[in-house]
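S.K.: One structure coming up, written as structure tokens, with questions to follow.
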Amino acid sequence: MIKIIDLGGPAFMIPLVITLLVILFLMIKGFIKEDSENNRALIGHLSLFALIAGILGTTVGLMDAFDAIAVANGISQQVLALGLKIGLIPTAFGLSIFVLGRLGIIVLILKKNKRL
């Protein structure tokens with residue numbers, strides 16, 4: 001996990017990990033105690049923040065990568081492919097958090113309606 005955080009860029013990945021932990025806490029709180037509309041709304045907002053922060057992290061990372069490519073004399077396809085793969089880590093992580101948060105909201109709504 002620490003390697004992924006380091007590869008994806010700590011400036012964006014650490015806030016994403018914190019957001020993930022807060023979402024998990026709110027989901028557990030919703031299961032244990034009576035769920036509230038505010039709890040679900042907060043999970044929704046945090047999951048959307050994670051998605052946008054992941055996209056922003058990828059954008060900044062790709063801009064840095066393209067700057068490095070511009071000053072390099074020659075670059076192989078393998079290095080470019082690896083750089084693009086690493087650049088997409090924040091988006092993939094943010095998207096995963098977004099999906100987890102939205103699934104949590106669905107489960108909490110079903111629990112509230114006594115269908116789960």
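Just remember, in the structure tokens the first chain shown is A, the second B, etc., residues are 1-based per chain, and ligands are 1-based in the order shown.
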Give me the residues near A:Val107 as a PyMOL selection string, where near means some atom within 12 Å (using only C-alpha atoms) and where sequence neighbours in that chain fewer than 2 positions away do not count.

M.R.: chain A and resi 27-28+30-31+35+40+100-105+109-116

S.K.: Tell me, counting only C-alpha atoms, for each residue of stretch 9-34 of chain A within 7 Å of stretch 41-54 of chain A, which pair of atoms is nearest and how far apart they are in Å to one decimal, in rows ordered by chain and increasing number, as JSON lines.

M.R.:
```
{"residue": "A:Phe12", "atom": "CA", "partner": "A:Ala53", "partner_atom": "CA", "distance": 6.9}
{"residue": "A:Leu16", "atom": "CA", "partner": "A:Ala50", "partner_atom": "CA", "distance": 5.9}
{"residue": "A:Thr19", "atom": "CA", "partner": "A:Leu46", "partner_atom": "CA", "distance": 6.6}
{"residue": "A:Ile23", "atom": "CA", "partner": "A:Ile43", "partner_atom": "CA", "distance": 5.7}
{"residue": "A:Leu26", "atom": "CA", "partner": "A:Ile43", "partner_atom": "CA", "distance": 6.9}
```

S.K.: Could you write out that same residue set with N, CA, C and O atoms as a compact mmCIF listing (two decimals), in the first residue's frame?

M.R.:
```txt
# COMPACT_ATOMS: atom_id res chain seq x y z
N PHE A 12 -1.34 13.68 -3.49
CA PHE A 12 -2.74 13.36 -3.82
C PHE A 12 -3.19 12.05 -3.18
O PHE A 12 -4.36 11.90 -2.82
N LEU A 16 -6.39 11.00 -0.42
CA LEU A 16 -7.32 9.97 -0.87
C LEU A 16 -7.44 8.84 0.15
O LEU A 16 -8.55 8.34 0.39
N THR A 19 -9.53 10.14 2.96
CA THR A 19 -10.92 10.17 2.53
C THR A 19 -11.52 8.77 2.58
O THR A 19 -12.65 8.58 3.04
N ILE A 23 -14.71 7.64 4.89
CA ILE A 23 -15.89 7.01 4.28
C ILE A 23 -16.18 5.67 4.95
O ILE A 23 -17.33 5.36 5.28
N LEU A 26 -17.71 6.32 8.34
CA LEU A 26 -19.11 6.74 8.24
C LEU A 26 -20.02 5.58 7.86
O LEU A 26 -21.16 5.50 8.33
```

S.K.: Output as CSV one row per residue of stretch 46-101 of chain A within 12 Å of stretch 2-8 of chain A: the closest atom pair and its distance in Å to one decimal place, counting only C-alpha atoms, sorted by chain and residue number ascending.

M.R.:
```
residue,atom,partner,partner_atom,distance
A:Ala53,CA,A:Gly8,CA,11.9
A:Gly54,CA,A:Gly8,CA,9.4
A:Ile55,CA,A:Gly8,CA,11.5
A:Leu56,CA,A:Gly8,CA,11.6
A:Gly57,CA,A:Gly8,CA,7.9
A:Thr58,CA,A:Gly8,CA,8.3
A:Thr59,CA,A:Gly8,CA,11.5
A:Val60,CA,A:Gly8,CA,10.8
A:Gly61,CA,A:Gly8,CA,8.2
A:Leu62,CA,A:Gly8,CA,11.0
A:Leu82,CA,A:Leu7,CA,11.1
A:Gly83,CA,A:Leu7,CA,10.0
A:Leu84,CA,A:Gly8,CA,11.0
A:Lys85,CA,A:Gly8,CA,9.8
A:Ile86,CA,A:Gly8,CA,6.3
A:Gly87,CA,A:Gly8,CA,6.7
A:Leu88,CA,A:Gly8,CA,7.8
A:Ile89,CA,A:Gly8,CA,5.3
A:Pro90,CA,A:Gly8,CA,5.6
A:Thr91,CA,A:Gly8,CA,9.2
A:Ala92,CA,A:Gly8,CA,9.9
A:Phe93,CA,A:Gly8,CA,9.1
A:Gly94,CA,A:Gly8,CA,11.0
```

S.K.: Grab the atom CA of A:Leu80 to atom CA of A:Met63 distance for me, in Å with one decimal place.

M.R.: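 About the pair atom CA of A:Leu80 and atom CA of A:Met63: they are 13.1 Å apart.
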